[in-house]
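K.L.:
Sharing upload.cif (mmCIF, C-alpha atoms and all ligand atoms) below.
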data_my_file
loop_
_atom_site.label_atom_id
_atom_site.label_comp_id
_atom_site.auth_asym_id
_atom_site.auth_seq_id
_atom_site.Cartn_x
_atom_site.Cartn_y
_atom_site.Cartn_z
CA MET A 1 -1.47 0.47 -15.54
CA SER A 2 -4.20 2.27 -13.58
CA GLU A 3 -7.33 0.94 -12.03
CA THR A 4 -10.64 2.51 -11.12
CA LEU A 5 -11.11 3.09 -7.40
CA THR A 6 -14.71 3.23 -6.24
CA HIS A 7 -15.24 4.33 -2.69
CA VAL A 8 -17.52 1.78 -1.02
CA GLY A 9 -17.32 2.57 2.67
CA SER A 10 -15.91 4.66 5.50
CA GLY A 11 -15.06 3.63 9.01
CA LYS A 12 -14.17 6.16 11.71
CA VAL A 13 -10.53 6.09 10.69
CA ARG A 14 -10.38 3.90 7.56
CA GLU A 15 -11.65 3.92 4.00
CA LEU A 16 -12.68 1.06 1.78
CA TYR A 17 -12.52 1.07 -2.06
CA ALA A 18 -13.50 -1.52 -4.66
CA LEU A 19 -10.83 -2.77 -7.08
CA GLY A 20 -12.87 -4.44 -9.79
CA ASP A 21 -15.47 -6.98 -8.71
CA ASP A 22 -13.55 -9.26 -6.43
CA ARG A 23 -10.98 -7.15 -4.60
CA LEU A 24 -11.03 -4.31 -2.08
CA LEU A 25 -8.49 -1.68 -1.05
CA LEU A 26 -8.45 -1.02 2.69
CA VAL A 27 -6.77 2.28 3.54
CA ALA A 28 -5.84 3.17 7.12
CA SER A 29 -5.73 6.93 7.71
CA ASP A 30 -3.81 8.75 10.45
CA ARG A 31 -7.04 9.76 12.17
CA ILE A 32 -7.41 8.80 15.83
CA SER A 33 -10.53 8.42 17.90
CA THR A 34 -10.86 8.59 21.65
CA PHE A 35 -14.00 8.19 23.74
CA ASP A 36 -15.67 7.34 20.38
CA VAL A 37 -14.89 10.76 18.90
CA VAL A 38 -12.53 11.26 15.93
CA LEU A 39 -10.16 14.08 16.85
CA PRO A 40 -9.28 16.97 14.49
CA THR A 41 -5.53 16.26 14.84
CA GLU A 42 -3.90 13.31 13.08
CA ILE A 43 -1.10 11.07 14.38
CA PRO A 44 1.51 10.84 11.58
CA ASP A 45 2.10 7.24 10.44
CA LYS A 46 -0.63 5.75 12.65
CA GLY A 47 -2.32 4.23 9.60
CA ARG A 48 0.98 2.76 8.41
CA VAL A 49 1.61 1.19 11.82
CA LEU A 50 -1.84 -0.40 11.81
CA THR A 51 -1.59 -1.67 8.24
CA GLY A 52 1.88 -3.10 8.88
CA LEU A 53 0.75 -4.82 12.06
CA SER A 54 -2.31 -6.35 10.40
CA ALA A 55 -0.22 -7.64 7.51
CA PHE A 56 2.34 -9.03 9.97
CA TRP A 57 -0.37 -10.96 11.85
CA PHE A 58 -2.06 -12.18 8.66
CA THR A 59 1.29 -13.59 7.53
CA ARG A 60 2.07 -15.19 10.89
CA THR A 61 -1.35 -16.85 11.23
CA ARG A 62 -2.02 -17.96 7.66
CA ASP A 63 -1.50 -21.65 8.49
CA LEU A 64 -4.03 -21.35 11.31
CA CYS A 65 -6.72 -19.62 9.25
CA ARG A 66 -6.97 -18.30 5.70
CA ASN A 67 -7.23 -14.52 5.37
CA HIS A 68 -8.18 -11.84 2.88
CA LEU A 69 -4.75 -10.24 2.39
CA LEU A 70 -3.49 -10.17 -1.21
CA SER A 71 -0.79 -7.49 -1.11
CA LEU A 72 0.49 -4.32 0.51
CA ARG A 73 0.86 -1.12 -1.46
CA ALA A 74 4.07 0.92 -1.51
CA ASP A 75 2.38 3.70 0.54
CA ALA A 76 2.52 1.24 3.50
CA ARG A 77 -1.04 2.14 4.56
CA SER A 78 -3.13 0.32 1.94
CA MET A 79 -3.92 -3.36 1.68
CA GLU A 80 -5.39 -5.14 -1.33
CA CYS A 81 -7.78 -7.81 -0.14
CA ARG A 82 -9.97 -10.55 -1.48
CA ARG A 83 -13.59 -9.47 -1.38
CA LEU A 84 -15.47 -11.86 0.90
CA GLU A 85 -19.02 -12.42 1.96
CA MET A 86 -18.73 -11.07 5.49
CA LEU A 87 -20.32 -12.88 8.43
CA PRO A 88 -22.71 -10.62 10.42
CA LEU A 89 -20.79 -11.16 13.67
CA GLU A 90 -18.12 -9.27 15.58
CA CYS A 91 -15.90 -12.06 16.86
CA VAL A 92 -14.59 -10.78 20.16
CA VAL A 93 -12.16 -12.81 22.27
CA ARG A 94 -11.37 -11.70 25.81
CA GLY A 95 -8.50 -12.82 27.99
CA TYR A 96 -9.02 -10.02 30.53
CA LEU A 97 -12.12 -8.36 31.92
CA ALA A 98 -12.44 -4.89 30.39
CA GLY A 99 -14.89 -2.65 28.57
CA SER A 100 -18.32 -4.15 27.92
CA GLY A 101 -17.16 -7.54 29.26
CA TRP A 102 -16.50 -5.95 32.66
CA LYS A 103 -19.80 -4.02 32.52
CA ASP A 104 -21.73 -7.22 31.75
CA TYR A 105 -19.91 -9.07 34.54
CA VAL A 106 -20.72 -6.42 37.15
CA ALA A 107 -24.39 -6.44 36.13
CA THR A 108 -24.92 -10.20 35.67
CA GLY A 109 -21.82 -12.23 36.62
CA SER A 110 -21.67 -13.27 32.96
CA THR A 111 -20.65 -11.92 29.58
CA SER A 112 -22.32 -13.01 26.34
CA GLY A 113 -24.24 -15.55 28.43
CA ARG A 114 -21.06 -17.17 29.77
CA GLU A 115 -20.89 -17.41 33.53
CA LEU A 116 -17.56 -16.28 34.98
CA PRO A 117 -16.01 -17.02 38.38
CA SER A 118 -17.06 -14.65 41.18
CA GLY A 119 -14.64 -12.15 42.73
CA LEU A 120 -12.97 -10.96 39.52
CA LEU A 121 -11.78 -7.36 39.40
CA GLU A 122 -11.83 -4.94 36.50
CA SER A 123 -8.87 -5.91 34.23
CA SER A 124 -8.47 -9.34 35.91
CA ARG A 125 -7.10 -12.08 33.70
CA LEU A 126 -9.79 -14.65 32.94
CA PRO A 127 -9.14 -18.32 33.78
CA GLU A 128 -9.15 -18.93 30.04
CA PRO A 129 -9.96 -16.78 27.00
CA VAL A 130 -13.67 -16.54 26.17
CA PHE A 131 -15.36 -15.98 22.83
CA THR A 132 -17.96 -13.21 23.32
CA PRO A 133 -19.53 -12.45 19.94
CA SER A 134 -21.49 -9.28 19.36
CA THR A 135 -23.81 -7.95 16.73
CA LYS A 136 -22.58 -5.44 14.16
CA ALA A 137 -24.40 -2.26 15.07
CA VAL A 138 -24.85 0.17 12.16
CA THR A 139 -24.94 3.06 14.61
CA GLY A 140 -24.03 3.08 18.28
CA HIS A 141 -22.34 0.20 20.07
CA ASP A 142 -22.20 -3.48 19.27
CA GLU A 143 -24.29 -5.60 21.60
CA ASN A 144 -22.83 -8.72 23.22
CA ILE A 145 -24.98 -11.73 22.38
CA ASP A 146 -25.03 -15.30 23.65
CA ALA A 147 -23.95 -18.35 21.63
CA GLU A 148 -27.55 -19.20 20.82
CA ARG A 149 -28.24 -15.86 19.13
CA ALA A 150 -24.84 -15.80 17.42
CA ALA A 151 -25.35 -19.31 16.03
CA ALA A 152 -28.74 -18.24 14.70
CA LEU A 153 -26.98 -15.51 12.68
CA VAL A 154 -24.42 -17.73 10.92
CA GLY A 155 -25.58 -21.32 11.46
CA ARG A 156 -24.50 -23.73 14.17
CA GLU A 157 -21.62 -25.37 12.32
CA ARG A 158 -20.18 -22.10 11.07
CA TYR A 159 -20.47 -20.66 14.57
CA ALA A 160 -18.44 -23.51 16.04
CA GLU A 161 -15.81 -23.07 13.31
CA VAL A 162 -15.54 -19.31 13.89
CA GLU A 163 -15.29 -19.70 17.66
CA GLU A 164 -12.49 -22.24 17.34
CA ALA A 165 -10.61 -20.12 14.79
CA ALA A 166 -10.97 -16.91 16.81
CA LEU A 167 -9.74 -18.56 20.02
CA ALA A 168 -6.79 -20.20 18.24
CA LEU A 169 -5.79 -16.91 16.57
CA TYR A 170 -6.08 -14.99 19.83
CA ARG A 171 -3.94 -17.51 21.73
CA VAL A 172 -1.15 -17.28 19.15
CA ALA A 173 -1.19 -13.46 19.17
CA VAL A 174 -1.34 -13.30 23.00
CA LYS A 175 1.66 -15.56 23.35
CA HIS A 176 3.70 -13.58 20.81
CA ALA A 177 2.74 -10.20 22.31
CA GLY A 178 3.28 -11.42 25.89
CA GLU A 179 6.85 -12.43 25.05
CA ARG A 180 7.36 -8.80 23.96
CA GLY A 181 5.87 -7.15 27.05
CA ILE A 182 2.44 -6.36 25.62
CA ILE A 183 -0.81 -7.74 26.98
CA LEU A 184 -3.42 -8.26 24.31
CA ALA A 185 -6.35 -7.97 26.70
CA ASP A 186 -9.04 -8.60 24.09
CA THR A 187 -9.58 -8.36 20.37
CA LYS A 188 -12.27 -8.08 17.74
CA LEU A 189 -11.92 -10.25 14.64
CA GLU A 190 -14.06 -10.28 11.53
CA PHE A 191 -14.47 -13.25 9.25
CA GLY A 192 -15.93 -13.80 5.81
CA LEU A 193 -16.40 -16.58 3.31
CA ASP A 194 -14.50 -16.87 0.04
CA ASP A 195 -16.02 -17.96 -3.29
CA ASP A 196 -15.77 -21.59 -2.21
CA GLY A 197 -17.50 -20.95 1.12
CA ARG A 198 -14.26 -21.28 3.08
CA LEU A 199 -13.78 -19.26 6.25
CA ALA A 200 -11.22 -16.45 6.04
CA LEU A 201 -10.04 -13.80 8.50
CA ALA A 202 -10.77 -10.31 7.15
CA ASP A 203 -10.59 -6.62 8.05
CA GLU A 204 -7.74 -5.69 10.42
CA ALA A 205 -6.12 -8.13 12.82
CA PHE A 206 -4.61 -7.55 16.28
CA THR A 207 -4.06 -3.82 15.85
CA PRO A 208 -4.38 -1.33 18.71
CA ASP A 209 -7.64 -0.09 17.09
CA SER A 210 -9.23 -3.57 17.16
CA SER A 211 -7.69 -4.75 20.44
CA ARG A 212 -6.75 -3.51 23.89
CA PHE A 213 -2.95 -3.30 24.14
CA TRP A 214 -1.66 -2.89 27.72
CA PRO A 215 1.95 -2.58 28.91
CA ALA A 216 2.57 -5.90 30.72
CA ASP A 217 4.78 -4.38 33.41
CA GLU A 218 1.99 -2.05 34.58
CA LEU A 219 -0.91 -4.49 35.00
CA THR A 220 -2.85 -3.61 38.17
CA PRO A 221 -6.31 -5.20 38.27
CA GLY A 222 -8.97 -3.30 40.21
CA GLY A 223 -9.49 -0.50 37.67
CA PRO A 224 -9.07 0.35 34.01
CA GLN A 225 -5.54 -0.08 32.59
CA PRO A 226 -3.53 2.53 30.69
CA SER A 227 -3.70 1.96 26.95
CA PHE A 228 -0.31 1.21 25.36
CA ASP A 229 -1.05 3.54 22.44
CA LYS A 230 -3.74 6.09 23.34
CA GLN A 231 -3.03 6.90 26.98
CA PHE A 232 -1.36 10.27 26.33
CA VAL A 233 -4.35 11.31 24.23
CA ARG A 234 -6.86 10.18 26.87
CA ASP A 235 -4.94 11.82 29.71
CA TYR A 236 -4.67 15.07 27.76
CA CYS A 237 -8.38 15.05 26.88
CA GLU A 238 -9.32 14.30 30.50
CA SER A 239 -7.13 17.20 31.69
CA LEU A 240 -9.22 19.60 29.58
CA GLY A 241 -12.53 18.59 31.13
CA TRP A 242 -13.85 18.03 27.57
CA ASP A 243 -17.40 16.59 27.55
CA LYS A 244 -16.51 13.86 25.00
CA THR A 245 -18.90 15.11 22.34
CA TYR A 246 -18.00 16.44 18.88
CA PRO A 247 -15.92 18.35 18.08
CA GLY A 248 -12.99 16.88 20.00
CA PRO A 249 -9.99 18.99 21.00
CA GLU A 250 -6.88 19.65 18.88
CA LEU A 251 -3.86 17.81 20.28
CA PRO A 252 -0.64 19.71 21.12
CA ASP A 253 2.60 18.68 19.37
CA GLU A 254 4.02 16.86 22.39
CA VAL A 255 0.90 14.68 22.70
CA VAL A 256 1.03 13.93 18.95
CA GLU A 257 4.75 13.07 19.12
CA GLY A 258 4.40 10.94 22.27
CA THR A 259 1.49 9.05 20.76
CA ARG A 260 3.26 8.48 17.44
CA SER A 261 6.23 7.06 19.39
CA ARG A 262 3.99 4.63 21.22
CA TYR A 263 2.47 3.34 17.97
CA VAL A 264 5.91 2.91 16.42
CA GLU A 265 7.15 1.21 19.59
CA ALA A 266 4.24 -1.25 19.49
CA PHE A 267 5.03 -1.99 15.83
CA GLU A 268 8.74 -2.55 16.47
CA ARG A 269 8.27 -4.63 19.61
CA LEU A 270 5.65 -6.88 18.04
CA THR A 271 7.22 -7.33 14.61
CA GLY A 272 10.89 -7.11 15.56
CA ILE A 273 11.24 -4.93 12.45
CA GLU A 274 12.44 -1.32 12.43
CA PHE A 275 9.57 0.92 11.41
CA ASP A 276 11.77 2.80 8.89
CA ARG A 277 12.58 -0.50 7.19
CA TYR A 278 8.86 -1.17 6.86
CA LEU A 279 8.32 2.28 5.30
CA ALA A 280 11.13 1.67 2.79
CA ASP A 281 9.84 -1.79 1.87
CA PRO A 282 6.41 -2.69 3.29
CA GLU A 283 6.75 -6.31 2.17
CA VAL A 284 9.24 -6.97 4.99
CA VAL A 285 6.25 -7.77 7.22
CA LEU A 286 5.11 -10.50 4.81
CA ARG A 287 8.16 -12.71 5.24
C1 LIG B 301 -14.77 -4.67 5.71
C2 LIG B 301 -14.78 -1.51 6.92
C3 LIG B 301 -13.05 0.03 6.25
C4 LIG B 301 -15.26 0.78 6.30
C5 LIG B 301 -16.61 -4.56 4.57
N1 LIG B 301 -12.35 -8.59 2.61
C6 LIG B 301 -13.55 -7.99 2.74
N2 LIG B 301 -14.58 -8.39 1.98
C7 LIG B 301 -15.77 -7.80 2.07
N3 LIG B 301 -16.03 -6.81 2.92
C8 LIG B 301 -15.06 -6.34 3.74
C9 LIG B 301 -13.78 -6.93 3.66
CL1 LIG B 301 -12.48 -6.40 4.63
C10 LIG B 301 -15.43 -5.24 4.64
N4 LIG B 301 -15.53 -3.72 6.22
C11 LIG B 301 -15.23 -2.87 7.36
C12 LIG B 301 -13.46 -1.24 6.67
C13 LIG B 301 -13.94 1.04 6.09
C14 LIG B 301 -15.68 -0.48 6.72
F1 LIG B 301 -11.77 0.25 6.01
N5 LIG B 301 -16.65 -3.62 5.55
#
Show how you would write the structure in this file as structure tokens.
P.N.:
Amino acid sequence: MSETLTHVGSGKVRELYALGDDRLLLVASDRISTFDVVLPTEIPDKGRVLTGLSAFWFTRTRDLCRNHLLSLRADARSMECRRLEMLPLECVVRGYLAGSGWKDYVATGSTSGRELPSGLLESSRLPEPVFTPSTKAVTGHDENIDAERAAALVGRERYAEVEEAALALYRVAVKHAGERGIILADTKLEFGLDDDGRLALADEAFTPDSSRFWPADELTPGGPQPSFDKQFVRDYCESLGWDKTYPGPELPDEVVEGTRSRYVEAFERLTGIEFDRYLADPEVVLR
């Protein structure tokens, strides 16, 4: 049995194909981006780590919120999904002040129109997680928007439903990761609607490409934190004095190997499953 694959989209490091009318195949490559540039060197198995982690989280959170996952392919990097009508919102939840949340806070004392306590440092833990939706930019960076503008995009009731679901999902993932020594500082979730108009979590979920993963034992607010997965790559790129425009630098073997190890370590710590077992039988993350 073979099926026609029609390429329907490319992300920086992922590809999307149509499987008939109502399903999609999401394929995670081994490409890696840093400072918004996709590097010429791949990290072996990175795509498999991300696909396995997403599938793990979809399985663990299915009672909290429906999701698009239908099955994993034997290659361990491809996911068959229900095709949804996607909501035009990036659903960001932040538990710590980093990235654009920190930038907004420095400039205005708020992020996405939500006032935060004074005196917070970069990478400080927030008193409670905040939902900071942003627009989906076609090019360039997503823009944080306030609840009013976000609700105008999806409707007031749907907005309230998405906010509640995103916060509930984030809290579950944060607790699980925290017990395994990983801080999930923030995350970006995407939701869509199924044929019956029901909300479902889509895209990837709680991967290092959609979230900030920090080693819990190294948290030092007052500056940016080392990334659990990409820090070797960033440090190496910084050491070159590269101007962060295309083309990015080739990575030496030891940076590739160190980075691959960090991805596999994140997978094994979070799932409690040996990565080689996942490669042999991807469905182990679905149980
Ligand atoms: C995800 C994206 C990627 C490029 C569309 N279940 C779904 N139903 C409808 N649409 C999507 C999904 Cl996941 C959907 N993207 C993001 C992913 C490559 C763009 F792998 N775009």
K.L.:
Using all atoms listed in the file, find each protein or nucleic acid residue lying at most 7 Å from ligand LIG 301 (chain B); present the set as JSON, numbers by chain.
P.N.:
{"A": [9, 10, 11, 14, 15, 16, 24, 26, 27, 28, 68, 81, 82, 83, 84, 85, 86, 192, 202, 203]}
K.L.:
Using all atoms listed in the file, determine which residues lie at most 9 Å from Pro88 in chain A, disregarding the query and same-chain residues fewer than 4 positions distant; provide the list as a ChimeraX atom specification.
P.N.:
/A:135-136,150,153-154,190-192
K.L.:
Measuring atom to atom with only C-alpha atoms, identify which of A:Tyr278, A:Tyr105, A:Trp214, A:Phe35 is nearest to Ser227 in chain A.
P.N.:
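Between A:Tyr278, A:Tyr105, A:Trp214, A:Phe35, the residue approaching Ser227 in chain A most closely is A:Trp214.
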K.L.:
Hey, which of A:Leu193, A:Met79, A:Val13, A:Phe228 ends up closest to Val38 in chain A? Count all atoms listed in the file.
P.N.:
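The shortest atom-to-atom distance to Val38 in chain A comes from A:Val13.
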K.L.:
Identify, on the basis of all atoms listed in the file, every residue whose closest approach to Ala185 in chain A does not exceed 6 Å; exclude the query and any residue fewer than 6 positions from it along the same chain; express the result as a PDB file with C-alpha atoms, keeping the file's coordinate frame.
P.N.:
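Written out: selection_16.pdb:
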ATOM      1  CA  GLY A  95      -8.500 -12.820  27.990  1.00  0.00           C
ATOM      2  CA  TYR A  96      -9.020 -10.020  30.530  1.00  0.00           C
ATOM      3  CA  ARG A 212      -6.750  -3.510  23.890  1.00  0.00           C
TER       4      ARG A 212
END
K.L.:
Pick the closest to Thr41 in chain A from A:Val285, A:Leu121, A:Val255, A:Ala205: which is it, counting all atoms listed in the file?
P.N.:
A:Val255
K.L.:
Find the distance between CA of Ser124 in chain A and CA of Gly223 in chain A and write it in Å to one decimal.
P.N.:
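Going from CA of Ser124 in chain A over to CA of Gly223 in chain A, I get 9.1 Å.
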K.L.:
May I have the residues within 12 Å of Glu268 in chain A as a list in words, using all atoms listed in the file and disregarding those fewer than 3 positions away in the same chain?
P.N.:
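Result of the neighbour search: Val49, Leu50, Gly52, Leu53, Phe56, Ala177, Arg180, Gly181, Ile182, Ser261, Arg262, Tyr263, Val264, Glu265, Thr271, Gly272, Ile273, Glu274, Phe275, Asp276, Arg277, Tyr278 and Val285 of chain A.
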K.L.:
Could you work out an axis-aligned box for range 171-178 of chain A, taking every atom the file lists and adding 8 Å on each side, and report centre and edge lengths in Å to one decimal, as lines of an AutoDock Vina configuration file?
P.N.:
center_x = -0.1
center_y = -13.9
center_z = 22.5
size_x = 23.6
size_y = 23.3
size_z = 22.7
K.L.:
How far is it from CA of Ala168 in chain A to CA of Arg156 in chain A, in Å with one decimal?
P.N.:
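About the pair CA of Ala168 in chain A and CA of Arg156 in chain A: they are 18.5 Å apart.
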K.L.:
Would you mind reading off the distance between CA of Arg48 in chain A and CA of Arg60 in chain A, one decimal, in Å?
P.N.:
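Going from CA of Arg48 in chain A over to CA of Arg60 in chain A, I get 18.2 Å.
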K.L.:
Which protein, DNA or RNA residues are at most 9 Å from (-6.9, -14.4, 7.0) in the file's coordinates when you count all atoms listed in the file, listed as a count of residues only?
P.N.:
18
K.L.:
Taking the point (4.9, 9.7, 13.3) as given in the file, collect each protein or nucleic acid residue that comes within 8 Å of it, counting all atoms listed in the file, and present the set as a PyMOL selection string.
P.N.:
chain A and resi 43-46+257+260-261+264
K.L.:
Looking at all atoms listed in the file, which of A:Val256, A:Val174, A:Gly101, A:Leu87 is the one that sits closest to Ala152 in chain A?
P.N.:
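Selected residue with least distance to Ala152 in chain A: A:Leu87.
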K.L.:
Between A:Lys12, A:Arg114, A:Lys244, A:His7, which one has atoms that come closest to Val130 in chain A, using all atoms listed in the file?
P.N.:
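Smallest distance to Val130 in chain A is found for A:Arg114.
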K.L.:
Counting only C-alpha atoms, what is within 9 Å of Ser134 in chain A, bar same-chain residues fewer than 5 positions away, as a ChimeraX atom specification?
P.N.:
/A:89-92,112,142-146,150
K.L.:
For Tyr170 in chain A, list every protein, DNA or RNA residue within 9 Å, evaluated using all atoms listed in the file, and leave out those in the same chain fewer than 3 positions away; present the list as a compact mmCIF listing (two decimals) with C-alpha atoms, keeping the file's coordinate frame.
P.N.:
# COMPACT_ATOMS: atom_id res chain seq x y z
CA VAL A 93 -12.16 -12.81 22.27
CA ARG A 94 -11.37 -11.70 25.81
CA GLY A 95 -8.50 -12.82 27.99
CA PRO A 129 -9.96 -16.78 27.00
CA ALA A 165 -10.61 -20.12 14.79
CA ALA A 166 -10.97 -16.91 16.81
CA LEU A 167 -9.74 -18.56 20.02
CA ALA A 173 -1.19 -13.46 19.17
CA VAL A 174 -1.34 -13.30 23.00
CA LYS A 175 1.66 -15.56 23.35
CA LEU A 184 -3.42 -8.26 24.31
CA ASP A 186 -9.04 -8.60 24.09
CA THR A 187 -9.58 -8.36 20.37
CA PHE A 206 -4.61 -7.55 16.28
